[in-house]
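To be precise, the following lines are final03.cif, and they hold mmCIF, C-alpha atoms and all ligand atoms.
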data_data
loop_
_atom_site.label_atom_id
_atom_site.label_comp_id
_atom_site.auth_asym_id
_atom_site.auth_seq_id
_atom_site.Cartn_x
_atom_site.Cartn_y
_atom_site.Cartn_z
CA MET M 1 27.35 19.24 13.76
CA HIS M 2 27.48 17.78 17.22
CA ASN M 3 24.35 16.37 18.78
CA SER M 4 24.91 15.20 22.31
CA THR M 5 21.63 13.32 22.68
CA GLN M 6 22.03 11.08 19.67
CA GLN M 7 22.42 7.47 20.73
CA ILE M 8 22.59 4.12 19.00
CA ASP M 9 21.11 1.44 21.29
CA GLN M 10 21.51 -1.60 19.09
CA VAL M 11 22.24 -2.75 15.56
CA VAL M 12 20.37 -5.85 14.38
CA THR M 13 21.68 -7.53 11.25
CA VAL M 14 19.29 -9.18 8.83
CA GLY M 15 21.44 -12.05 7.60
CA LEU M 16 20.69 -12.67 3.94
CA HIS M 17 24.20 -13.35 2.60
CA GLU M 18 25.14 -10.71 0.01
CA ARG M 19 21.86 -8.90 0.69
CA SER M 20 22.44 -8.64 4.46
CA TYR M 21 21.73 -5.25 5.98
CA PRO M 22 21.71 -3.46 9.33
CA ILE M 23 18.76 -2.18 11.31
CA ILE M 24 20.13 0.69 13.40
CA ILE M 25 18.01 1.40 16.48
CA GLY M 26 18.36 4.42 18.75
CA SER M 27 17.28 7.99 19.41
CA GLN M 28 17.91 11.34 17.67
CA LEU M 29 19.44 9.50 14.73
CA LEU M 30 17.94 11.54 11.89
CA THR M 31 20.31 14.49 12.16
CA GLN M 32 23.31 12.21 11.65
CA LEU M 33 21.77 10.28 8.80
CA THR M 34 24.81 10.26 6.55
CA THR M 35 26.91 8.61 9.28
CA HIS M 36 24.38 5.81 9.55
CA PHE M 37 23.84 5.49 5.79
CA PRO M 38 27.44 6.05 4.57
CA ALA M 39 26.84 4.66 1.07
CA LEU M 40 24.03 7.06 0.15
CA PRO M 41 24.41 8.23 -3.45
CA LYS M 42 24.07 11.84 -4.56
CA GLN M 43 20.62 11.50 -6.12
CA LEU M 44 17.94 10.80 -3.52
CA LEU M 45 14.17 10.57 -3.60
CA VAL M 46 12.47 10.77 -0.23
CA ILE M 47 8.94 9.39 -0.18
CA SER M 48 6.79 10.42 2.77
CA ASN M 49 3.34 11.73 3.57
CA ALA M 50 2.22 15.17 4.68
CA THR M 51 1.71 14.16 8.33
CA VAL M 52 5.15 12.64 8.75
CA ALA M 53 6.91 15.21 6.56
CA LYS M 54 5.71 18.05 8.76
CA LEU M 55 7.27 16.37 11.79
CA TYR M 56 10.48 14.81 10.50
CA LEU M 57 11.34 15.98 6.99
CA PRO M 58 13.20 19.17 8.09
CA ALA M 59 15.72 17.13 10.09
CA LEU M 60 16.23 14.82 7.13
CA GLN M 61 16.65 17.69 4.68
CA GLN M 62 19.21 19.30 6.93
CA ALA M 63 21.17 16.06 7.23
CA LEU M 64 21.10 15.58 3.47
CA ALA M 65 21.90 19.15 2.48
CA ALA M 66 24.91 18.00 0.43
CA HIS M 67 22.74 15.68 -1.68
CA GLN M 68 20.48 16.24 -4.65
CA LEU M 69 17.26 15.65 -2.79
CA VAL M 70 13.79 15.38 -4.29
CA VAL M 71 10.76 14.89 -2.04
CA HIS M 72 7.59 13.13 -3.16
CA LEU M 73 4.70 13.31 -0.72
CA ILE M 74 1.65 11.09 -0.87
CA GLY M 75 -1.57 11.59 1.05
CA ASP M 76 -2.11 10.02 4.46
CA GLY M 77 -3.87 6.66 4.35
CA GLU M 78 -3.94 3.10 3.04
CA GLN M 79 -5.66 4.26 -0.18
CA TYR M 80 -2.40 5.92 -1.26
CA LYS M 81 -0.68 2.52 -1.44
CA SER M 82 -2.03 2.17 -4.97
CA LEU M 83 -0.84 1.67 -8.54
CA GLN M 84 -1.93 5.22 -9.32
CA HIS M 85 0.33 6.71 -6.67
CA TYR M 86 3.08 4.29 -7.62
CA THR M 87 2.85 5.68 -11.15
CA GLU M 88 3.01 9.24 -9.84
CA VAL M 89 6.25 8.47 -8.01
CA MET M 90 7.65 6.92 -11.19
CA ASP M 91 6.67 10.11 -13.05
CA THR M 92 8.63 12.15 -10.51
CA LEU M 93 11.72 9.94 -10.86
CA ILE M 94 11.64 10.12 -14.63
CA ALA M 95 10.86 13.85 -14.79
CA GLN M 96 13.77 14.56 -12.43
CA GLY M 97 16.12 12.45 -14.51
CA PHE M 98 16.95 9.93 -11.79
CA ASN M 99 19.41 7.29 -12.96
CA ARG M 100 20.17 3.78 -11.69
CA ASP M 101 22.63 5.08 -9.09
CA CYS M 102 19.90 6.90 -7.17
CA ALA M 103 18.40 5.77 -3.88
CA ILE M 104 14.87 5.80 -2.55
CA ILE M 105 14.33 6.71 1.11
CA ALA M 106 11.04 5.82 2.80
CA LEU M 107 10.17 8.15 5.67
CA GLY M 108 6.91 7.07 7.28
CA GLY M 109 4.76 4.15 8.34
CA GLY M 110 4.03 0.91 6.56
CA VAL M 111 2.03 2.58 3.79
CA VAL M 112 4.95 4.77 2.74
CA GLY M 113 7.44 1.92 3.27
CA ASP M 114 5.54 -0.61 1.16
CA LEU M 115 4.97 1.83 -1.70
CA ALA M 116 8.54 3.18 -1.63
CA GLY M 117 9.94 -0.34 -1.50
CA PHE M 118 7.98 -1.38 -4.57
CA VAL M 119 9.15 1.75 -6.38
CA ALA M 120 12.77 0.93 -5.45
CA ALA M 121 12.32 -2.70 -6.52
CA THR M 122 11.06 -1.75 -9.97
CA TYR M 123 12.49 1.62 -11.01
CA GLN M 124 15.03 0.71 -13.70
CA ARG M 125 14.80 -2.91 -12.45
CA GLY M 126 15.83 -1.96 -8.94
CA VAL M 127 17.67 0.87 -7.20
CA SER M 128 19.01 1.33 -3.66
CA PHE M 129 16.42 1.48 -0.92
CA TYR M 130 16.62 2.87 2.62
CA GLN M 131 13.91 2.73 5.25
CA ILE M 132 13.24 5.19 8.06
CA PRO M 133 10.09 3.72 9.62
CA THR M 134 8.19 6.10 11.89
CA THR M 135 5.32 3.97 13.25
CA LEU M 136 5.85 1.19 15.77
CA LEU M 137 4.26 -1.27 13.34
CA ALA M 138 6.66 -0.26 10.58
CA GLN M 139 9.62 -0.38 12.97
CA VAL M 140 8.96 -3.91 14.20
CA ASP M 141 7.25 -5.44 11.20
CA SER M 142 6.87 -3.87 7.77
CA SER M 143 10.42 -2.46 7.49
CA VAL M 144 11.94 -5.89 8.20
CA GLY M 145 11.79 -8.72 5.73
CA GLY M 146 11.64 -7.17 2.29
CA LYS M 147 7.97 -7.46 1.43
CA THR M 148 6.94 -4.50 -0.72
CA ALA M 149 3.59 -3.95 -2.37
CA VAL M 150 0.73 -1.78 -3.49
CA ASN M 151 -2.94 -2.65 -3.22
CA HIS M 152 -5.36 -3.44 -6.04
CA PRO M 153 -9.14 -2.91 -5.88
CA GLY M 154 -9.31 -6.72 -5.84
CA GLY M 155 -7.28 -7.03 -2.65
CA LYS M 156 -4.49 -5.79 -0.42
CA ASN M 157 -0.82 -6.20 -1.38
CA LEU M 158 -1.68 -8.03 -4.61
CA ILE M 159 1.05 -6.28 -6.62
CA GLY M 160 4.52 -6.36 -5.14
CA ALA M 161 7.96 -7.88 -4.81
CA PHE M 162 10.43 -9.17 -2.28
CA TYR M 163 13.09 -6.47 -2.15
CA GLN M 164 15.54 -5.88 0.68
CA PRO M 165 16.72 -2.42 1.69
CA GLN M 166 20.38 -1.35 2.07
CA ALA M 167 19.72 -0.30 5.66
CA VAL M 168 16.95 0.58 8.10
CA LEU M 169 17.16 3.44 10.60
CA ILE M 170 14.80 3.31 13.56
CA ASP M 171 14.55 6.40 15.73
CA HIS M 172 12.19 5.43 18.53
CA GLN M 173 11.81 9.09 19.54
CA CYS M 174 9.53 9.41 16.50
CA LEU M 175 6.98 7.34 18.38
CA HIS M 176 6.17 10.17 20.79
CA THR M 177 4.06 11.86 18.12
CA LEU M 178 2.20 8.68 17.16
CA SER M 179 -1.46 8.23 18.17
CA ASP M 180 -2.26 5.82 21.00
CA ARG M 181 -4.15 3.60 18.62
CA ASP M 182 -1.31 3.32 16.11
CA TYR M 183 1.13 2.74 18.93
CA ALA M 184 -0.99 -0.09 20.38
CA CYS M 185 -1.21 -1.70 16.92
CA GLY M 186 2.57 -2.02 16.91
CA LEU M 187 2.47 -3.60 20.35
CA ALA M 188 0.15 -6.31 18.98
CA GLU M 189 2.85 -7.46 16.54
CA ILE M 190 5.45 -7.31 19.33
CA ILE M 191 3.30 -9.60 21.53
CA LYS M 192 2.98 -11.91 18.52
CA TYR M 193 6.78 -12.35 18.35
CA GLY M 194 6.88 -13.39 22.00
CA ILE M 195 4.15 -15.97 21.53
CA ILE M 196 5.49 -17.61 18.36
CA TYR M 197 9.18 -17.54 19.16
CA ASP M 198 10.43 -16.35 22.52
CA ALA M 199 8.90 -17.16 25.91
CA GLU M 200 11.53 -15.11 27.72
CA PHE M 201 10.66 -12.05 25.65
CA PHE M 202 6.99 -12.61 26.46
CA ASN M 203 7.89 -12.66 30.19
CA TRP M 204 9.81 -9.45 29.71
CA LEU M 205 6.83 -7.85 27.95
CA GLU M 206 4.62 -8.77 30.90
CA GLN M 207 7.10 -7.20 33.31
CA GLN M 208 7.57 -4.07 31.22
CA ALA M 209 4.00 -3.57 29.99
CA ASP M 210 3.49 -0.34 31.94
CA GLN M 211 6.77 1.14 30.72
CA LEU M 212 5.96 0.10 27.16
CA VAL M 213 2.53 1.67 27.24
CA ALA M 214 4.12 4.83 28.66
CA ARG M 215 6.59 4.74 25.72
CA ASP M 216 9.60 4.68 28.03
CA GLY M 217 12.62 4.99 25.76
CA ALA M 218 14.69 2.13 27.13
CA ALA M 219 11.75 -0.30 27.15
CA VAL M 220 10.55 0.67 23.67
CA SER M 221 14.05 0.43 22.27
CA TYR M 222 14.59 -3.07 23.64
CA ALA M 223 11.17 -4.25 22.46
CA ILE M 224 11.92 -2.97 18.95
CA ALA M 225 15.38 -4.53 18.87
CA ARG M 226 14.17 -7.92 20.09
CA SER M 227 11.23 -7.88 17.66
CA CYS M 228 13.47 -7.01 14.73
CA ALA M 229 15.92 -9.73 15.75
CA ILE M 230 13.16 -12.33 15.88
CA LYS M 231 11.68 -11.29 12.55
CA ALA M 232 15.18 -11.15 11.05
CA ALA M 233 15.95 -14.68 12.26
CA ILE M 234 12.70 -15.99 10.79
CA VAL M 235 13.19 -14.15 7.49
CA ALA M 236 16.80 -15.32 7.23
CA ALA M 237 15.59 -18.90 7.59
CA ASP M 238 12.78 -18.51 5.05
CA GLU M 239 12.96 -15.32 2.98
CA THR M 240 10.09 -16.08 0.59
CA GLU M 241 7.67 -17.74 3.04
CA GLN M 242 7.92 -21.39 2.11
CA GLY M 243 7.84 -22.53 5.74
CA VAL M 244 8.66 -20.99 9.12
CA ARG M 245 7.94 -17.42 7.95
CA ALA M 246 4.24 -18.36 7.93
CA LEU M 247 4.35 -18.32 11.75
CA LEU M 248 4.46 -14.52 11.52
CA ASN M 249 0.81 -14.78 10.55
CA LEU M 250 -0.33 -15.80 14.02
CA GLY M 251 -3.72 -14.18 14.57
CA HIS M 252 -3.78 -12.83 11.01
CA THR M 253 -6.30 -15.18 9.36
CA PHE M 254 -8.86 -14.28 12.02
CA GLY M 255 -7.64 -10.69 12.02
CA HIS M 256 -8.06 -10.32 8.27
CA ALA M 257 -11.61 -11.65 8.59
CA ILE M 258 -12.37 -8.98 11.22
CA GLU M 259 -10.79 -6.29 9.04
CA ALA M 260 -12.77 -7.50 6.01
CA HIS M 261 -15.97 -7.39 8.06
CA ASP M 262 -15.49 -3.80 9.22
CA TYR M 263 -12.26 -2.07 8.33
CA HIS M 264 -13.62 1.32 9.40
CA GLN M 265 -13.88 0.20 13.02
CA TRP M 266 -10.87 -2.07 13.24
CA ARG M 267 -7.19 -1.32 12.79
CA HIS M 268 -4.92 -4.13 11.63
CA GLY M 269 -3.11 -4.54 14.95
CA GLU M 270 -6.38 -4.55 16.88
CA ALA M 271 -7.82 -7.26 14.65
CA VAL M 272 -4.62 -9.30 14.93
CA ALA M 273 -4.69 -9.00 18.73
CA VAL M 274 -8.18 -10.51 18.80
CA GLY M 275 -7.08 -13.10 16.24
CA ILE M 276 -4.24 -14.18 18.53
CA ILE M 277 -6.73 -14.64 21.36
CA ILE M 278 -9.06 -16.71 19.15
CA ALA M 279 -6.14 -18.92 18.08
CA SER M 280 -5.23 -19.38 21.75
CA HIS M 281 -8.78 -20.38 22.65
CA TYR M 282 -8.85 -22.86 19.79
CA MET M 283 -5.77 -24.57 21.19
CA LEU M 284 -7.18 -24.43 24.72
CA GLN M 285 -10.30 -26.22 23.50
CA GLN M 286 -8.11 -28.78 21.73
CA GLY M 287 -6.35 -29.40 25.05
CA GLN M 288 -3.06 -28.24 23.54
CA LEU M 289 -2.57 -24.93 25.29
CA GLN M 290 -2.86 -24.32 29.02
CA GLN M 291 -5.57 -22.14 30.51
CA LEU M 292 -2.92 -20.08 32.27
CA ASP M 293 -1.19 -19.29 28.97
CA VAL M 294 -4.46 -18.12 27.41
CA GLU M 295 -5.04 -15.91 30.43
CA ARG M 296 -1.54 -14.45 30.23
CA ILE M 297 -1.92 -13.69 26.52
CA THR M 298 -5.32 -12.07 27.02
CA ALA M 299 -4.10 -10.01 29.98
CA LEU M 300 -1.05 -8.69 28.10
CA VAL M 301 -3.17 -7.76 25.07
CA ARG M 302 -5.57 -5.89 27.35
CA ARG M 303 -2.79 -4.07 29.23
CA CYS M 304 -1.40 -2.87 25.92
CA GLY M 305 -4.67 -1.09 25.21
CA LEU M 306 -5.82 -3.57 22.58
CA PRO M 307 -9.27 -5.16 22.22
CA THR M 308 -9.79 -8.75 23.39
CA MET M 309 -13.30 -9.44 22.09
CA ALA M 310 -14.33 -10.40 18.56
CA PRO M 311 -17.34 -8.99 16.69
CA THR M 312 -20.41 -11.22 16.80
CA LEU M 313 -21.00 -12.78 13.38
CA PRO M 314 -22.70 -15.99 12.20
CA ILE M 315 -20.41 -18.88 11.28
CA GLU M 316 -21.09 -18.51 7.53
CA ARG M 317 -19.80 -14.94 7.61
CA TRP M 318 -16.57 -15.96 9.36
CA GLN M 319 -16.17 -18.82 6.92
CA GLY M 320 -16.73 -16.51 3.96
CA TYR M 321 -14.18 -13.96 5.14
CA MET M 322 -11.60 -16.53 6.15
CA GLN M 323 -11.80 -18.45 2.90
CA ARG M 324 -10.76 -15.30 1.07
CA ASP M 325 -7.54 -15.21 3.07
CA LYS M 326 -4.34 -15.84 1.15
CA LYS M 327 -3.41 -18.57 3.63
CA VAL M 328 -6.44 -20.67 2.70
CA LYS M 329 -5.36 -23.11 0.02
CA ALA M 330 -7.96 -25.22 -1.83
CA GLY M 331 -10.62 -24.51 0.79
CA GLN M 332 -8.40 -25.82 3.57
CA LEU M 333 -7.92 -23.56 6.53
CA ARG M 334 -4.25 -23.30 7.50
CA LEU M 335 -3.91 -21.69 10.89
CA VAL M 336 -0.92 -20.63 12.92
CA LEU M 337 -1.66 -21.96 16.39
CA PRO M 338 0.27 -21.47 19.64
CA THR M 339 1.29 -24.67 21.39
CA ALA M 340 2.79 -22.76 24.31
CA ILE M 341 3.97 -19.24 25.02
CA GLY M 342 7.07 -19.17 22.83
CA ALA M 343 6.05 -21.78 20.26
CA ALA M 344 3.55 -22.07 17.41
CA GLU M 345 2.79 -24.36 14.48
CA LEU M 346 1.10 -24.04 11.11
CA ARG M 347 -1.71 -26.59 10.90
CA VAL M 348 -4.44 -27.58 8.48
CA VAL M 349 -7.79 -27.31 10.24
CA THR M 350 -10.90 -28.86 8.71
CA ASP M 351 -13.34 -28.71 11.64
CA TRP M 352 -15.06 -25.34 11.16
CA GLN M 353 -17.36 -26.00 14.08
CA ALA M 354 -14.38 -26.21 16.42
CA VAL M 355 -12.98 -23.00 14.99
CA TYR M 356 -16.33 -21.32 15.48
CA GLN M 357 -16.46 -22.49 19.10
CA ALA M 358 -13.16 -20.71 19.71
CA ILE M 359 -14.50 -17.55 18.05
CA LEU M 360 -17.65 -17.71 20.19
CA ALA M 361 -15.53 -17.99 23.33
CA VAL M 362 -14.23 -14.47 22.66
CA SER M 363 -17.39 -12.91 21.16
CA HIS M 364 -19.89 -10.63 22.84
CA GLY M 365 -23.26 -12.13 23.67
N1 LIG M 401 5.81 -5.15 4.25
C1 LIG M 401 5.41 -5.84 5.30
O1 LIG M 401 6.01 -6.86 5.67
C2 LIG M 401 4.26 -5.33 6.08
C3 LIG M 401 3.98 -5.87 7.36
C4 LIG M 401 2.92 -5.34 8.08
C5 LIG M 401 2.16 -4.32 7.54
N2 LIG M 401 2.44 -3.83 6.31
C6 LIG M 401 1.66 -2.73 5.73
O2 LIG M 401 1.84 -1.59 6.54
C7 LIG M 401 0.72 -0.73 6.40
C8 LIG M 401 0.32 -0.24 7.76
O3 LIG M 401 1.39 0.46 8.33
P1 LIG M 401 1.18 1.50 9.52
O4 LIG M 401 0.37 0.87 10.58
O5 LIG M 401 2.52 2.04 9.84
O6 LIG M 401 0.21 2.59 8.86
P2 LIG M 401 0.48 4.04 8.22
O7 LIG M 401 1.68 4.04 7.39
O8 LIG M 401 -0.81 4.42 7.58
O9 LIG M 401 0.73 4.94 9.50
C9 LIG M 401 -0.30 5.08 10.46
C10 LIG M 401 -0.60 6.57 10.73
O10 LIG M 401 0.47 7.13 11.49
C11 LIG M 401 0.92 8.34 10.90
N3 LIG M 401 2.30 8.46 11.31
C12 LIG M 401 3.37 7.74 10.88
N4 LIG M 401 4.44 8.01 11.64
C13 LIG M 401 4.06 8.92 12.55
C14 LIG M 401 4.72 9.58 13.63
N5 LIG M 401 5.99 9.30 13.94
N6 LIG M 401 4.02 10.47 14.37
C15 LIG M 401 2.71 10.71 14.08
N7 LIG M 401 2.03 10.11 13.11
C16 LIG M 401 2.71 9.22 12.36
C17 LIG M 401 0.65 8.13 9.45
O11 LIG M 401 0.59 9.35 8.76
C18 LIG M 401 -0.69 7.41 9.49
O12 LIG M 401 -1.75 8.33 9.65
C19 LIG M 401 -0.34 -1.53 5.67
O13 LIG M 401 -0.42 -1.08 4.35
C20 LIG M 401 0.18 -2.96 5.72
O14 LIG M 401 -0.22 -3.72 4.60
C21 LIG M 401 3.47 -4.32 5.58
ZN ZN M 402 0.33 -7.83 10.92
#
Give the structure from the file, written as structure tokens.
Ligand SMILES: NC(=O)c1ccc[n+]([C@@H]2O[C@H](COP(=O)([O-])OP(=O)(O)OC[C@H]3O[C@@H](n4cnc5c(N)ncnc54)[C@H](O)[C@@H]3O)[C@@H](O)[C@H]2O)c1
Ligand SMILES: [Zn+2]
Amino acid sequence: MHNSTQQIDQVVTVGLHERSYPIIIGSQLLTQLTTHFPALPKQLLVISNATVAKLYLPALQQALAAHQLVVHLIGDGEQYKSLQHYTEVMDTLIAQGFNRDCAIIALGGGVVGDLAGFVAATYQRGVSFYQIPTTLLAQVDSSVGGKTAVNHPGGKNLIGAFYQPQAVLIDHQCLHTLSDRDYACGLAEIIKYGIIYDAEFFNWLEQQADQLVARDGAAVSYAIARSCAIKAAIVAADETEQGVRALLNLGHTFGHAIEAHDYHQWRHGEAVAVGIIIASHYMLQQGQLQQLDVERITALVRRCGLPTMAPTLPIERWQGYMQRDKKVKAGQLRLVLPTAIGAAELRVVTDWQAVYQAILAVSHG
């Protein structure tokens, strides 16, 4: 079948020696899936949710017509990233007689990807795994780096494994059906990469902000490719987060506190965006980040349709939420802090009052 509009823009390699794999980025790639995933076995389980399946499963099914394809759909939402739904997928695999030569394909956002990855990591001690991320967040963040997990009532992502896929296919055309809010959440992680790692990319984001918000194909494609390349470089240097990988948590300790305070109101990317601004203000107050850089970060966040103000909470509440964060070890706050646009450091911070001053600088009233 010939499809004239299919186009590969870029292939980013995640360099992890014998576990290296390609991230193929482009448009209209789903119909030619078997060309992009040449090693797909006969037996395939596609995990998706009803929302995404309605939009993109038919193209996948058509492309995989020669395979023995089983589809397992979960509901739409974070609550489906659970042990219960993990068990249901396992039931499907076992009932359908899937053997160790099968492959799991994740078609969806980070919820589907994390659950499917953990299934792939553990079914018969590990089977092949392919990712087709369909949200911007999944395309630039959760599908890169091999973290898989399900949630536990005691906390998010408490049960999981590091498990790398065989390949990732990113079709940025899928983003046209994504909500504005979900799209903006992906942009927050993209801005994060510029701040922690790549000043030139941050400049480019400033120049292309309007095109990005408008979901212009060329701009989105480049932003995804650069983000994946940055995350891939960081993951290749530190696969299991002993060091530099922690920088990916810029804005996340504050963001997790905001999410813990009110997860109905706040999406992850929105909370992270505000967290990045708090971290920037902290460094401004320490005299270690320039005013102009804080202004540039805040302006870019705003232009991407993300919030820039934190909820107003007393210091004890912030402290309580932040001490629950995984990054807090033995009561010590370890924060990723930008030292410039394009550079950040992980630091131990003991002065809560100073942290609170930075929070107040971006709070209402
Ligand atoms: N593994 C990692 O390294 C990593 C990193 C960051 C986040 N995560 C995890 O990712 C999850 C969040 O991912 P998310 O933001 O993609 O959320 P999500 O998977 O819930 O997707 C967001 C919404 O978009 C819908 N959707 C997906 N693709 C669509 C499309 N193309 N068009 C229209 N609607 C579409 C989904 O049905 C859902 O309603 C969290 O569970 C988080 O813990 C994991
Ligand atoms: Zn994040």
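Proximity of M:Val46, M:His252, M:Thr122, M:Tyr56 to Thr92 of chain M, computed with only C-alpha atoms, is greatest for M:Val46.
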>> Just want the residues within 7 Å of ligand ZN 402 (chain M), written as a ChimeraX atom specification, counting only C-alpha atoms and all ligand atoms.
In response: /M:189,249,252,268-269,272
As a check of understanding: the span from atom CA of Gln61 of chain M to atom CA of Gln43 of chain M is 13.1 Å
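Nearest residue to Gly109 of chain M, choosing from M:Ser363, M:Ser48, M:Gln166, M:Ser128 and counting only C-alpha atoms: M:Ser48.
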- Using all atoms listed in the file, determine which residues fall within 7 Å of ligand LIG 401 (chain M), then list them as number ranges by chain. M: 49, 51-52, 76-78, 81, 108-112, 114, 134-138, 141-148, 156-157, 174-179, 182
Across M:Leu335, M:Ile159, M:Met322, M:Ala299, the smallest distance to His261 of chain M, with all atoms listed in the file counted, is shown by M:Met322
Students should find that atom CA of Ile23 of chain M and atom CA of Ala237 of chain M are spaced 17.4 Å
Correct to one decimal, the distance atom CA of Leu333 of chain M-atom CA of Leu284 of chain M is 18.2 Å
- [ ] Give me the residues within 9 Å of Val12 of chain M as a ChimeraX atom specification, counting only C-alpha atoms and dropping any in the same chain fewer than 3 places off.
- [x] /M:21-25,225-226,228-229,232
Hey, can you spit out that residue selection with C-alpha atoms as a PDB file, in the coordinates of the input?
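again09.pdb, written as the output of this step:
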ATOM      1  CA  TYR M  21      21.730  -5.250   5.980  1.00  0.00           C
ATOM      2  CA  PRO M  22      21.710  -3.460   9.330  1.00  0.00           C
ATOM      3  CA  ILE M  23      18.760  -2.180  11.310  1.00  0.00           C
ATOM      4  CA  ILE M  24      20.130   0.690  13.400  1.00  0.00           C
ATOM      5  CA  ILE M  25      18.010   1.400  16.480  1.00  0.00           C
ATOM      6  CA  ALA M 225      15.380  -4.530  18.870  1.00  0.00           C
ATOM      7  CA  ARG M 226      14.170  -7.920  20.090  1.00  0.00           C
ATOM      8  CA  CYS M 228      13.470  -7.010  14.730  1.00  0.00           C
ATOM      9  CA  ALA M 229      15.920  -9.730  15.750  1.00  0.00           C
ATOM     10  CA  ALA M 232      15.180 -11.150  11.050  1.00  0.00           C
TER      11      ALA M 232
END
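For Thr298 of chain M, the list of residues within 12 Å, based on only C-alpha atoms and with local chain neighbours fewer than 6 positions off taken out, reads Ala188, Ile191, Lys192, Ile195, Glu206, Ala273, Val274, Gly275, Ile276, Ile277, Ile278, Ala279, Ser280, His281, Gln291, Leu292, Cys304, Gly305, Leu306, Pro307, Thr308, Met309, Ile341 and Val362 of chain M.
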Checklist entry - Which protein, DNA or RNA residues are at most 8 Å from (6.6, -6.4, 22.5) in the file's coordinates when you count all atoms listed in the file, listed as an MDAnalysis selection string? => result chainID M and resid 187:194 201:202 205 223:224 227
One residue among M:Glu295, M:Gln285, M:Gly113, M:Gln290 is nearest to Gln353 of chain M when using all atoms listed in the file, and that residue is M:Gln285
**Asked** Within 8 Å of segment 207-210 of chain M, counting all atoms listed in the file, which residues qualify if same-chain residues fewer than 5 places away don't, as a ChimeraX atom specification?
**Response** /M:219,300,303-304
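For the choices M:Tyr163, M:Phe129, M:Trp266, M:Tyr321, the atom-to-atom distance to Cys185 of chain M is smallest for M:Trp266 when using all atoms listed in the file.
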